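Listing of query.cif; format and content: mmCIF, C-alpha atoms.
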```cif
data_target
#
loop_
_atom_site.label_atom_id
_atom_site.label_comp_id
_atom_site.auth_asym_id
_atom_site.auth_seq_id
_atom_site.Cartn_x
_atom_site.Cartn_y
_atom_site.Cartn_z
CA MET A 981 0.00 0.00 0.00
CA ILE A 982 2.87 2.31 0.77
CA GLU A 983 3.83 2.12 -2.90
CA ASP A 984 0.50 3.68 -3.87
CA ILE A 985 1.16 6.92 -2.02
CA GLN A 986 0.72 9.71 -4.49
CA PHE A 987 3.40 11.92 -3.08
CA SER A 988 7.09 11.46 -3.73
CA SER A 989 8.14 13.52 -0.75
CA PHE A 990 6.77 14.88 2.48
CA GLY A 991 7.24 18.36 1.11
CA GLU A 992 4.91 17.48 -1.73
CA PHE A 993 2.40 16.13 0.76
CA LEU A 994 2.39 19.43 2.62
CA ASP A 995 2.21 21.43 -0.56
CA MET A 996 -0.81 19.59 -2.03
CA GLY A 997 0.03 20.74 -5.54
CA GLY A 998 -0.17 24.37 -4.57
CA TYR A 999 -3.49 23.97 -2.86
CA ALA A 1000 -2.02 23.64 0.60
CA LEU A 1001 -4.12 26.45 2.04
CA ASN A 1002 -7.36 25.00 0.75
CA VAL A 1003 -6.76 21.37 1.61
CA TRP A 1004 -5.06 21.86 4.96
CA GLY A 1005 -7.50 24.64 5.74
CA VAL A 1006 -10.37 22.22 5.35
CA TYR A 1007 -8.69 19.60 7.52
CA ALA A 1008 -7.82 22.21 10.14
CA ILE A 1009 -11.42 23.44 10.29
CA PHE A 1010 -12.67 19.89 10.46
CA GLY A 1011 -10.15 18.90 13.15
CA PHE A 1012 -11.02 21.92 15.24
CA PHE A 1013 -14.75 21.28 14.87
CA VAL A 1014 -14.41 17.65 15.93
CA ALA A 1015 -12.09 18.45 18.83
CA VAL A 1016 -14.38 21.16 20.20
CA ASN A 1017 -17.43 18.94 20.02
CA LEU A 1018 -15.82 15.93 21.62
CA LEU A 1019 -13.52 17.53 24.18
CA GLY A 1020 -15.98 20.32 25.00
CA PRO A 1021 -18.68 18.08 26.48
CA LEU A 1022 -16.05 16.04 28.32
CA ARG A 1023 -14.59 19.11 29.96
CA ARG A 1024 -18.04 20.38 30.76
CA ARG A 1025 -18.89 17.12 32.46
CA LYS A 1026 -15.87 17.47 34.72
CA LYS A 1027 -16.89 21.01 35.49
CA ILE A 1028 -20.46 19.99 36.35
CA LEU A 1029 -19.29 17.21 38.64
CA ARG A 1030 -16.83 19.56 40.33
CA GLU A 1031 -19.60 22.12 40.84
CA LEU A 1032 -21.98 19.54 42.23
CA ARG A 1033 -19.32 18.20 44.55
CA ARG A 1034 -18.61 21.68 45.84
CA ARG A 1035 -22.26 22.34 46.44
CA SER A 1036 -22.82 19.11 48.29
CA LYS A 1037 -19.89 19.93 50.56
CA LEU A 1038 -21.38 23.33 51.27
CA GLU A 1039 -24.70 21.77 52.04
CA SER A 1040 -23.21 19.19 54.37
CA THR A 1041 -21.23 21.81 56.28
CA GLU A 1042 -24.32 23.97 56.68
CA SER A 1043 -26.44 21.23 58.20
CA MET B 238 -15.22 2.20 23.09
CA LEU B 239 -17.20 4.53 20.90
CA PHE B 240 -14.16 6.75 20.78
CA MET B 241 -12.04 3.96 19.49
CA SER B 242 -14.37 3.12 16.66
CA VAL B 243 -14.49 6.77 15.69
CA GLY B 244 -10.72 7.00 15.92
CA ALA B 245 -10.16 3.85 13.90
CA VAL B 246 -12.43 4.98 11.13
CA TRP B 247 -10.59 8.28 11.00
CA ALA B 248 -7.19 6.65 10.96
CA LEU B 249 -8.43 4.86 7.87
CA LEU B 250 -9.22 8.16 6.29
CA PHE B 251 -5.57 9.04 6.19
CA LEU B 252 -4.84 6.11 3.99
CA PRO B 253 -7.25 7.10 1.25
CA PRO B 254 -5.72 10.53 0.83
CA ASP B 255 -2.71 8.70 -0.48
CA TYR B 256 -4.67 7.24 -3.34
CA GLN B 257 -6.39 10.21 -4.82
CA GLN B 258 -5.69 11.69 -8.20
CA SER B 259 -6.50 15.28 -7.62
CA PHE B 260 -5.38 17.24 -4.63
CA THR B 261 -8.69 18.96 -4.19
CA THR B 262 -10.53 15.64 -4.04
CA ARG B 263 -9.22 15.40 -0.52
CA ILE B 264 -11.35 18.40 0.39
CA LEU B 265 -14.34 16.70 -1.08
CA VAL B 266 -13.97 13.61 1.11
CA ILE B 267 -14.47 15.76 4.18
CA HIS B 268 -16.98 18.19 2.74
CA VAL B 269 -19.30 15.53 1.32
CA ALA B 270 -19.37 13.61 4.60
CA VAL B 271 -20.04 16.66 6.76
CA ALA B 272 -22.51 18.22 4.33
CA GLY B 273 -24.52 15.04 3.91
CA THR B 274 -24.68 14.45 7.64
CA SER B 275 -25.69 18.04 8.32
CA LEU B 276 -28.92 17.35 6.47
CA ALA B 277 -29.88 14.87 9.15
CA PHE B 278 -30.23 17.50 11.84
CA PHE B 279 -33.66 18.90 11.17
CA PRO B 280 -35.18 15.48 10.62
CA LEU B 281 -33.54 14.35 13.86
CA MET B 282 -34.79 17.35 15.77
CA ALA B 283 -38.23 17.03 14.21
CA VAL B 284 -38.53 13.41 15.29
CA ALA B 285 -37.28 14.25 18.78
CA GLY B 286 -39.66 17.20 18.81
CA THR B 287 -42.60 15.07 17.77
CA ILE B 288 -41.82 12.57 20.52
CA THR B 289 -41.70 15.48 22.93
CA LEU B 290 -45.02 16.86 21.73
CA VAL B 291 -46.90 13.60 21.56
CA TRP B 292 -45.41 11.47 24.30
CA LYS B 293 -43.85 14.21 26.40
CA MET B 294 -40.64 12.24 26.87
CA LYS B 295 -38.09 14.51 28.54
CA LEU B 296 -35.14 12.68 27.04
CA ALA B 297 -36.32 13.39 23.52
CA ASP B 298 -36.38 17.08 24.28
CA MET B 299 -32.91 16.98 25.79
CA VAL B 300 -31.57 15.36 22.65
CA ALA B 301 -33.31 17.97 20.53
CA LYS B 302 -31.91 20.76 22.67
CA ASN B 303 -28.34 19.52 22.28
CA ALA B 304 -28.73 18.69 18.61
CA ALA B 305 -29.30 22.31 17.67
CA PRO B 306 -25.85 23.73 18.47
CA LEU B 307 -24.13 20.67 17.03
CA GLY B 308 -26.19 21.10 13.88
CA ALA B 309 -25.13 24.72 13.68
CA TRP B 310 -21.49 23.62 13.81
CA PHE B 311 -22.15 21.05 11.08
CA SER B 312 -23.79 23.59 8.82
CA PHE B 313 -21.02 26.09 9.38
CA VAL B 314 -18.29 23.56 8.62
CA THR B 315 -20.20 22.47 5.52
CA LEU B 316 -20.24 26.03 4.27
CA ALA B 317 -16.64 26.74 5.22
CA THR B 318 -15.19 23.59 3.67
CA GLY B 319 -17.41 24.02 0.64
CA SER B 320 -16.14 27.55 0.29
CA LEU B 321 -12.54 26.40 0.32
CA TRP B 322 -13.44 23.85 -2.34
CA GLY B 323 -15.32 26.43 -4.40
CA SER B 324 -12.49 28.90 -4.37
CA VAL B 325 -10.40 26.35 -6.22
CA MET B 326 -12.97 24.77 -8.51
CA TRP B 327 -15.17 27.73 -9.36
CA GLY B 328 -12.87 30.62 -8.55
CA THR B 329 -15.31 32.01 -6.03
CA TRP B 330 -15.80 31.74 -2.27
CA TRP B 331 -19.55 32.36 -2.38
CA GLU B 332 -22.44 32.67 -4.82
CA TRP B 333 -25.72 34.20 -3.79
CA THR B 334 -27.38 32.77 -6.89
CA ASP B 335 -26.73 29.20 -5.85
CA ALA B 336 -29.79 27.73 -4.14
CA ARG B 337 -27.91 25.03 -2.33
CA LEU B 338 -25.45 27.44 -0.72
CA VAL B 339 -28.19 29.84 0.28
CA SER B 340 -30.47 27.16 1.70
CA MET B 341 -27.58 25.69 3.71
CA LEU B 342 -26.81 29.16 5.04
CA PHE B 343 -30.49 29.42 5.89
CA GLN B 344 -30.28 26.12 7.74
CA PHE B 345 -27.41 27.55 9.77
CA PHE B 346 -29.49 30.58 10.71
CA LEU B 347 -32.52 28.42 11.44
CA LEU B 348 -30.51 26.32 13.86
CA LEU B 349 -29.28 29.47 15.57
CA SER B 350 -32.92 30.55 15.79
CA VAL B 351 -33.89 27.30 17.47
CA ILE B 352 -31.18 27.88 20.04
CA ALA B 353 -32.31 31.48 20.55
CA LEU B 354 -35.95 30.47 20.76
CA ARG B 355 -35.24 28.03 23.53
CA SER B 356 -33.47 30.56 25.70
CA ALA B 357 -36.03 33.25 24.92
CA ILE B 358 -38.96 31.33 26.37
CA GLU B 359 -38.91 31.22 30.15
CA ASP B 360 -41.12 28.22 30.67
CA SER B 361 -39.10 25.15 29.74
CA GLU B 362 -42.12 23.14 28.64
CA LYS B 363 -43.34 25.86 26.35
CA ALA B 364 -39.81 26.30 25.04
CA ALA B 365 -39.60 22.60 24.26
CA LYS B 366 -42.88 22.72 22.36
CA ALA B 367 -41.94 25.82 20.41
CA CYS B 368 -38.60 24.37 19.39
CA ALA B 369 -40.27 21.12 18.40
CA LEU B 370 -42.60 22.99 16.07
CA LEU B 371 -39.82 25.06 14.58
CA SER B 372 -37.79 21.91 13.98
CA ILE B 373 -40.65 20.25 12.14
CA VAL B 374 -41.15 23.30 9.93
CA GLY B 375 -37.40 23.49 9.40
CA CYS B 376 -37.46 20.17 7.59
CA ILE B 377 -39.00 21.93 4.62
CA ASN B 378 -35.69 23.75 4.18
CA THR B 379 -33.83 20.46 4.43
CA VAL B 380 -35.83 19.13 1.48
CA ILE B 381 -34.99 22.29 -0.44
CA ILE B 382 -31.29 21.88 0.28
CA LYS B 383 -31.35 18.33 -0.96
CA TYR B 384 -33.18 18.95 -4.20
CA SER B 385 -31.84 22.43 -4.88
CA VAL B 386 -29.24 21.08 -7.27
CA GLU B 387 -31.90 19.37 -9.34
CA TRP B 388 -34.62 21.99 -9.27
CA TRP B 389 -32.46 24.98 -10.10
CA ASN B 390 -29.55 25.75 -12.34
CA VAL B 391 -26.80 26.10 -9.80
CA LEU B 392 -23.05 26.28 -9.56
CA HIS B 393 -22.87 23.50 -7.00
CA GLN B 394 -22.55 20.14 -8.69
CA PRO B 395 -25.48 17.76 -8.64
CA SER B 396 -25.19 14.52 -6.69
CA SER B 397 -23.03 12.14 -8.64
CA PRO B 398 -24.29 8.61 -8.85
CA ILE B 399 -21.89 6.31 -7.09
CA ASN B 400 -19.77 5.07 -9.92
CA MET B 401 -17.37 2.28 -9.20
CA SER B 402 -15.64 2.22 -12.57
CA ASN B 403 -12.13 3.54 -12.82
CA ASP B 404 -12.78 5.98 -15.60
CA SER B 405 -15.30 8.10 -13.72
CA ALA B 406 -14.13 11.47 -12.47
CA ASN B 407 -14.09 10.22 -8.92
CA GLY B 408 -12.73 6.71 -8.84
CA PRO B 409 -13.74 3.92 -6.50
CA GLU B 410 -11.08 4.97 -3.99
CA PHE B 411 -12.81 8.27 -3.62
CA TRP B 412 -16.11 6.61 -2.81
CA LEU B 413 -14.42 4.25 -0.42
CA ALA B 414 -12.72 7.09 1.39
CA THR B 415 -15.88 9.18 1.42
CA GLY B 416 -17.92 6.22 2.62
CA VAL B 417 -15.52 5.65 5.48
CA MET B 418 -15.65 9.33 6.28
CA ILE B 419 -19.45 9.40 6.28
CA VAL B 420 -19.53 6.55 8.77
CA ALA B 421 -16.92 8.31 10.87
CA VAL B 422 -18.89 11.55 10.86
CA TYR B 423 -22.13 9.82 11.82
CA LEU B 424 -20.34 8.09 14.68
CA PHE B 425 -18.89 11.41 15.73
CA LEU B 426 -22.38 12.97 15.66
CA THR B 427 -23.73 10.18 17.84
CA VAL B 428 -20.89 10.35 20.34
CA SER B 429 -21.02 14.12 20.59
CA LEU B 430 -24.77 14.12 21.05
CA ILE B 431 -24.58 11.40 23.71
CA LEU B 432 -21.90 13.34 25.59
CA THR B 433 -23.80 16.61 25.62
CA THR B 434 -27.13 14.98 26.46
CA ARG B 435 -25.44 13.12 29.29
CA ASN B 436 -24.33 16.45 30.73
CA GLU B 437 -27.85 17.74 30.41
CA ILE B 438 -29.21 14.75 32.31
CA LEU B 439 -26.62 15.25 35.05
CA GLN B 440 -27.71 18.82 35.50
CA ARG B 441 -31.44 18.26 35.39
CA GLU B 442 -31.32 15.28 37.69
CA ARG B 443 -28.81 16.72 40.13
CA ARG B 444 -31.18 16.35 43.04
CA SER B 445 -31.64 12.67 42.51
CA GLN B 446 -29.83 9.97 44.42
CA TRP B 447 -28.00 8.39 41.53
CA VAL B 448 -26.37 11.69 40.63
CA LYS B 449 -25.42 12.27 44.24
CA ASP B 450 -23.80 8.85 44.24
CA ILE B 451 -21.70 9.74 41.20
CA VAL B 452 -20.65 13.02 42.73
CA SER B 453 -19.47 11.64 46.03
#
```
Could the structure of this file be written out as structure tokens, please?
Amino acid sequence: MIEDIQFSSFGEFLDMGGYALNVWGVYAIFGFFVAVNLLGPLRRRKKILRELRRRSKLESTES
Amino acid sequence: MLFMSVGAVWALLFLPPDYQQSFTTRILVIHVAVAGTSLAFFPLMAVAGTITLVWKMKLADMVAKNAAPLGAWFSFVTLATGSLWGSVMWGTWWEWTDARLVSMLFQFFLLLSVIALRSAIEDSEKAAKACALLSIVGCINTVIIKYSVEWWNVLHQPSSPINMSNDSANGPEFWLATGVMIVAVYLFLTVSLILTTRNEILQRERRSQWVKDIVS
């Protein structure tokens, strides 16, 4: 399969035939979009649990 | 586990880019997958909305609520990646005369409206109902997006029939790569929606025992 790679050098791979901005731009946007929507909810979950923990401690110290 | 299947499918995607003939086809693999999946949002929200209206299932509404922002992201990425494709293929970043572009932009604004509508209505039950209705109506636009390339004379290319022969403009490797990508994107949609809805459940049910057990 390695023989089928269309690029003869890594430099060519980055360059994308002159369309580097367009192709890598698309992948960058896509990568960012996926990362935000997967990592975002995960971080938010941690934040929610931390908040809830904090509140339950407050409540238990009050009573 | 879901993460790993998503990851594996994506890792596969980086093999196909090696096979393609044209550099810009690589844009298409992403754009087609995201664009196609973005059409699923209004139908999804409409179904969830209908379940909310008819059976009053809270979970359906929570899914609908979290689907809206994700859908907005999808629509935006569709437009952005499409624009980067268009600038190469058609020499333009945008075309107001193209029905597909405009209706997708409209979908983006509609999704933002659903989000706004929900926060604008104080009563959460009324908000859920209003959003459900808007989602159902929004499906009309989805139909327009889909058929826009057939009904009108537009710049955006019509859907190509899946052609497995080697002499078609987009060879079988393209369809394989795109197919893999579509699966990956759908998995990503599912995972993301599950994660956000899970957070929603945690917040709404914070008074219940099972949440308290998780917290402590």
* Ala1000 of chain A: which residues within 12 Å, counting only C-alpha atoms, same-chain residues fewer than 2 positions away excluded, as a PyMOL selection string? -> (chain A and resi 991-998+1002-1008) or (chain B and resi 260-261+263-264+321-322+325)
Selection to disk with C-alpha atoms, as a tab-separated table (two decimals), in the coordinates of the input:
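Okay, this is what ended up in out_23.tsv:
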```tsv
chain	number	residue	atom	x	y	z
A	991	GLY	CA	7.24	18.36	1.11
A	992	GLU	CA	4.91	17.48	-1.73
A	993	PHE	CA	2.40	16.13	0.76
A	994	LEU	CA	2.39	19.43	2.62
A	995	ASP	CA	2.21	21.43	-0.56
A	996	MET	CA	-0.81	19.59	-2.03
A	997	GLY	CA	0.03	20.74	-5.54
A	998	GLY	CA	-0.17	24.37	-4.57
A	1002	ASN	CA	-7.36	25.00	0.75
A	1003	VAL	CA	-6.76	21.37	1.61
A	1004	TRP	CA	-5.06	21.86	4.96
A	1005	GLY	CA	-7.50	24.64	5.74
A	1006	VAL	CA	-10.37	22.22	5.35
A	1007	TYR	CA	-8.69	19.60	7.52
A	1008	ALA	CA	-7.82	22.21	10.14
B	260	PHE	CA	-5.38	17.24	-4.63
B	261	THR	CA	-8.69	18.96	-4.19
B	263	ARG	CA	-9.22	15.40	-0.52
B	264	ILE	CA	-11.35	18.40	0.39
B	321	LEU	CA	-12.54	26.40	0.32
B	322	TRP	CA	-13.44	23.85	-2.34
B	325	VAL	CA	-10.40	26.35	-6.22
```
Mind dumping a table of every chain B residue within 10 Å of chain A, with the nearest atom pair and its distance in Å to one decimal, using only C-alpha atoms, sorted by chain and rising number, as a Markdown table?
```
| residue | atom | partner | partner_atom | distance |
| --- | --- | --- | --- | --- |
| B:Phe240 | CA | A:Leu1018 | CA | 9.4 |
| B:Leu252 | CA | A:Ile985 | CA | 8.5 |
| B:Pro253 | CA | A:Ile985 | CA | 9.0 |
| B:Pro254 | CA | A:Ile985 | CA | 8.3 |
| B:Asp255 | CA | A:Ile985 | CA | 4.5 |
| B:Tyr256 | CA | A:Ile985 | CA | 6.0 |
| B:Gln257 | CA | A:Gln986 | CA | 7.1 |
| B:Gln258 | CA | A:Gln986 | CA | 7.7 |
| B:Ser259 | CA | A:Gly997 | CA | 8.8 |
| B:Phe260 | CA | A:Met996 | CA | 5.8 |
| B:Thr261 | CA | A:Val1003 | CA | 6.6 |
| B:Thr262 | CA | A:Val1003 | CA | 8.9 |
| B:Arg263 | CA | A:Val1003 | CA | 6.8 |
| B:Ile264 | CA | A:Val1003 | CA | 5.6 |
| B:Leu265 | CA | A:Val1003 | CA | 9.3 |
| B:Ile267 | CA | A:Tyr1007 | CA | 7.7 |
| B:His268 | CA | A:Val1006 | CA | 8.2 |
| B:Val271 | CA | A:Phe1010 | CA | 8.9 |
| B:Pro306 | CA | A:Asn1017 | CA | 9.8 |
| B:Leu307 | CA | A:Asn1017 | CA | 7.5 |
| B:Trp310 | CA | A:Phe1013 | CA | 7.2 |
| B:Phe311 | CA | A:Phe1013 | CA | 8.3 |
| B:Phe313 | CA | A:Phe1013 | CA | 9.6 |
| B:Val314 | CA | A:Phe1010 | CA | 7.0 |
| B:Thr315 | CA | A:Phe1010 | CA | 9.4 |
| B:Ala317 | CA | A:Val1006 | CA | 7.7 |
| B:Thr318 | CA | A:Val1006 | CA | 5.3 |
| B:Gly319 | CA | A:Val1006 | CA | 8.7 |
| B:Ser320 | CA | A:Asn1002 | CA | 9.2 |
| B:Leu321 | CA | A:Asn1002 | CA | 5.4 |
| B:Trp322 | CA | A:Asn1002 | CA | 6.9 |
| B:Gly323 | CA | A:Asn1002 | CA | 9.6 |
| B:Ser324 | CA | A:Asn1002 | CA | 8.2 |
| B:Val325 | CA | A:Asn1002 | CA | 7.7 |
| B:Val422 | CA | A:Val1014 | CA | 9.1 |
| B:Phe425 | CA | A:Val1014 | CA | 7.7 |
| B:Leu426 | CA | A:Asn1017 | CA | 8.9 |
| B:Val428 | CA | A:Leu1018 | CA | 7.6 |
| B:Ser429 | CA | A:Leu1018 | CA | 5.6 |
| B:Leu430 | CA | A:Asn1017 | CA | 8.8 |
| B:Ile431 | CA | A:Pro1021 | CA | 9.3 |
| B:Leu432 | CA | A:Pro1021 | CA | 5.8 |
| B:Thr433 | CA | A:Pro1021 | CA | 5.4 |
| B:Thr434 | CA | A:Pro1021 | CA | 9.0 |
| B:Arg435 | CA | A:Arg1025 | CA | 8.3 |
| B:Asn436 | CA | A:Arg1025 | CA | 5.7 |
| B:Glu437 | CA | A:Arg1025 | CA | 9.2 |
| B:Leu439 | CA | A:Ile1028 | CA | 7.9 |
| B:Gln440 | CA | A:Ile1028 | CA | 7.4 |
| B:Arg443 | CA | A:Leu1032 | CA | 7.7 |
| B:Arg444 | CA | A:Leu1032 | CA | 9.8 |
| B:Val448 | CA | A:Leu1032 | CA | 9.1 |
| B:Lys449 | CA | A:Leu1032 | CA | 8.3 |
| B:Ile451 | CA | A:Leu1029 | CA | 8.3 |
| B:Val452 | CA | A:Arg1033 | CA | 5.6 |
| B:Ser453 | CA | A:Arg1033 | CA | 6.7 |
```
Keeping only C-alpha atoms, take the residues you just selected and write them out as a short mmCIF file (atom, residue, chain, number, x, y, z; two decimals), keeping the file's coordinate frame.
```cif
data_model
loop_
_atom_site.label_atom_id
_atom_site.label_comp_id
_atom_site.auth_asym_id
_atom_site.auth_seq_id
_atom_site.Cartn_x
_atom_site.Cartn_y
_atom_site.Cartn_z
CA PHE B 240 -14.16 6.75 20.78
CA LEU B 252 -4.84 6.11 3.99
CA PRO B 253 -7.25 7.10 1.25
CA PRO B 254 -5.72 10.53 0.83
CA ASP B 255 -2.71 8.70 -0.48
CA TYR B 256 -4.67 7.24 -3.34
CA GLN B 257 -6.39 10.21 -4.82
CA GLN B 258 -5.69 11.69 -8.20
CA SER B 259 -6.50 15.28 -7.62
CA PHE B 260 -5.38 17.24 -4.63
CA THR B 261 -8.69 18.96 -4.19
CA THR B 262 -10.53 15.64 -4.04
CA ARG B 263 -9.22 15.40 -0.52
CA ILE B 264 -11.35 18.40 0.39
CA LEU B 265 -14.34 16.70 -1.08
CA ILE B 267 -14.47 15.76 4.18
CA HIS B 268 -16.98 18.19 2.74
CA VAL B 271 -20.04 16.66 6.76
CA PRO B 306 -25.85 23.73 18.47
CA LEU B 307 -24.13 20.67 17.03
CA TRP B 310 -21.49 23.62 13.81
CA PHE B 311 -22.15 21.05 11.08
CA PHE B 313 -21.02 26.09 9.38
CA VAL B 314 -18.29 23.56 8.62
CA THR B 315 -20.20 22.47 5.52
CA ALA B 317 -16.64 26.74 5.22
CA THR B 318 -15.19 23.59 3.67
CA GLY B 319 -17.41 24.02 0.64
CA SER B 320 -16.14 27.55 0.29
CA LEU B 321 -12.54 26.40 0.32
CA TRP B 322 -13.44 23.85 -2.34
CA GLY B 323 -15.32 26.43 -4.40
CA SER B 324 -12.49 28.90 -4.37
CA VAL B 325 -10.40 26.35 -6.22
CA VAL B 422 -18.89 11.55 10.86
CA PHE B 425 -18.89 11.41 15.73
CA LEU B 426 -22.38 12.97 15.66
CA VAL B 428 -20.89 10.35 20.34
CA SER B 429 -21.02 14.12 20.59
CA LEU B 430 -24.77 14.12 21.05
CA ILE B 431 -24.58 11.40 23.71
CA LEU B 432 -21.90 13.34 25.59
CA THR B 433 -23.80 16.61 25.62
CA THR B 434 -27.13 14.98 26.46
CA ARG B 435 -25.44 13.12 29.29
CA ASN B 436 -24.33 16.45 30.73
CA GLU B 437 -27.85 17.74 30.41
CA LEU B 439 -26.62 15.25 35.05
CA GLN B 440 -27.71 18.82 35.50
CA ARG B 443 -28.81 16.72 40.13
CA ARG B 444 -31.18 16.35 43.04
CA VAL B 448 -26.37 11.69 40.63
CA LYS B 449 -25.42 12.27 44.24
CA ILE B 451 -21.70 9.74 41.20
CA VAL B 452 -20.65 13.02 42.73
CA SER B 453 -19.47 11.64 46.03
#
```
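Remark: for Ala297 of chain B, the closest of the candidate residues B:Ala285, B:Leu347, B:Leu392, B:Val380 is B:Ala285 (distances computed over all atoms listed in the file).
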Please list as a short mmCIF file (atom, residue, chain, number, x, y, z; two decimals) with C-alpha atoms, keeping the file's coordinate frame every residue within 7 Å of segment 350-367 of chain B, counting only C-alpha atoms and excluding residues in the same chain fewer than 3 positions away.
```cif
data_model
loop_
_atom_site.label_atom_id
_atom_site.label_comp_id
_atom_site.auth_asym_id
_atom_site.auth_seq_id
_atom_site.Cartn_x
_atom_site.Cartn_y
_atom_site.Cartn_z
CA LEU B 290 -45.02 16.86 21.73
CA ASP B 298 -36.38 17.08 24.28
CA ALA B 305 -29.30 22.31 17.67
CA PRO B 306 -25.85 23.73 18.47
CA PHE B 346 -29.49 30.58 10.71
CA LEU B 347 -32.52 28.42 11.44
CA LEU B 370 -42.60 22.99 16.07
CA LEU B 371 -39.82 25.06 14.58
#
```
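The smallest atom-to-atom distance between Thr289 of chain B and any of B:Ser275, B:Ser372, B:Gln344, B:Thr334, using only C-alpha atoms, is found for B:Ser372.
We find atom CA of Met341 of chain B and atom CA of Leu316 of chain B to be spaced 7.4 Å apart.
Picture a line from atom CA of Gly1011 of chain A to atom CA of Leu281 of chain B; it runs 23.8 Å.
The residue that comes closest to Phe278 of chain B, out of B:Leu342, B:Leu296, B:Ile382, B:Ala301 and on the basis of all atoms listed in the file, is B:Ala301.
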* Asked: From the list B:Thr274, B:Pro280, B:Val300, B:Trp292, which residue is nearest Ser312 of chain B when using all atoms listed in the file?
  -> B:Thr274
May I ask you to restore N, CA and C atoms in segment 295-306 of chain B and write the result as a PDB file, keeping the file's coordinate frame?
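Result saved to rebuild-v4.pdb:
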```
ATOM      1  N   LYS B 295     -39.094  13.472  28.284  1.00  0.00           N
ATOM      2  CA  LYS B 295     -38.090  14.510  28.540  1.00  0.00           C
ATOM      3  C   LYS B 295     -36.797  14.268  27.776  1.00  0.00           C
ATOM      4  N   LEU B 296     -36.410  13.004  27.680  1.00  0.00           N
ATOM      5  CA  LEU B 296     -35.140  12.680  27.040  1.00  0.00           C
ATOM      6  C   LEU B 296     -35.108  13.157  25.580  1.00  0.00           C
ATOM      7  N   ALA B 297     -36.254  12.974  24.924  1.00  0.00           N
ATOM      8  CA  ALA B 297     -36.320  13.390  23.520  1.00  0.00           C
ATOM      9  C   ALA B 297     -36.041  14.885  23.405  1.00  0.00           C
ATOM     10  N   ASP B 298     -36.595  15.644  24.322  1.00  0.00           N
ATOM     11  CA  ASP B 298     -36.380  17.080  24.280  1.00  0.00           C
ATOM     12  C   ASP B 298     -34.927  17.433  24.572  1.00  0.00           C
ATOM     13  N   MET B 299     -34.320  16.692  25.471  1.00  0.00           N
ATOM     14  CA  MET B 299     -32.910  16.980  25.790  1.00  0.00           C
ATOM     15  C   MET B 299     -32.035  16.724  24.582  1.00  0.00           C
ATOM     16  N   VAL B 300     -32.333  15.651  23.864  1.00  0.00           N
ATOM     17  CA  VAL B 300     -31.570  15.360  22.650  1.00  0.00           C
ATOM     18  C   VAL B 300     -31.760  16.485  21.643  1.00  0.00           C
ATOM     19  N   ALA B 301     -33.016  16.901  21.482  1.00  0.00           N
ATOM     20  CA  ALA B 301     -33.310  17.970  20.530  1.00  0.00           C
ATOM     21  C   ALA B 301     -32.562  19.240  20.915  1.00  0.00           C
ATOM     22  N   LYS B 302     -32.568  19.539  22.201  1.00  0.00           N
ATOM     23  CA  LYS B 302     -31.910  20.760  22.670  1.00  0.00           C
ATOM     24  C   LYS B 302     -30.422  20.748  22.334  1.00  0.00           C
ATOM     25  N   ASN B 303     -29.775  19.598  22.538  1.00  0.00           N
ATOM     26  CA  ASN B 303     -28.340  19.520  22.280  1.00  0.00           C
ATOM     27  C   ASN B 303     -28.000  19.325  20.814  1.00  0.00           C
ATOM     28  N   ALA B 304     -28.992  18.893  20.033  1.00  0.00           N
ATOM     29  CA  ALA B 304     -28.730  18.690  18.610  1.00  0.00           C
ATOM     30  C   ALA B 304     -28.588  20.018  17.885  1.00  0.00           C
ATOM     31  N   ALA B 305     -29.301  21.026  18.378  1.00  0.00           N
ATOM     32  CA  ALA B 305     -29.300  22.310  17.670  1.00  0.00           C
ATOM     33  C   ALA B 305     -27.905  22.943  17.534  1.00  0.00           C
ATOM     34  N   PRO B 306     -27.174  23.136  18.646  1.00  0.00           N
ATOM     35  CA  PRO B 306     -25.850  23.730  18.470  1.00  0.00           C
ATOM     36  C   PRO B 306     -24.907  22.872  17.639  1.00  0.00           C
TER      37      PRO B 306
END
```
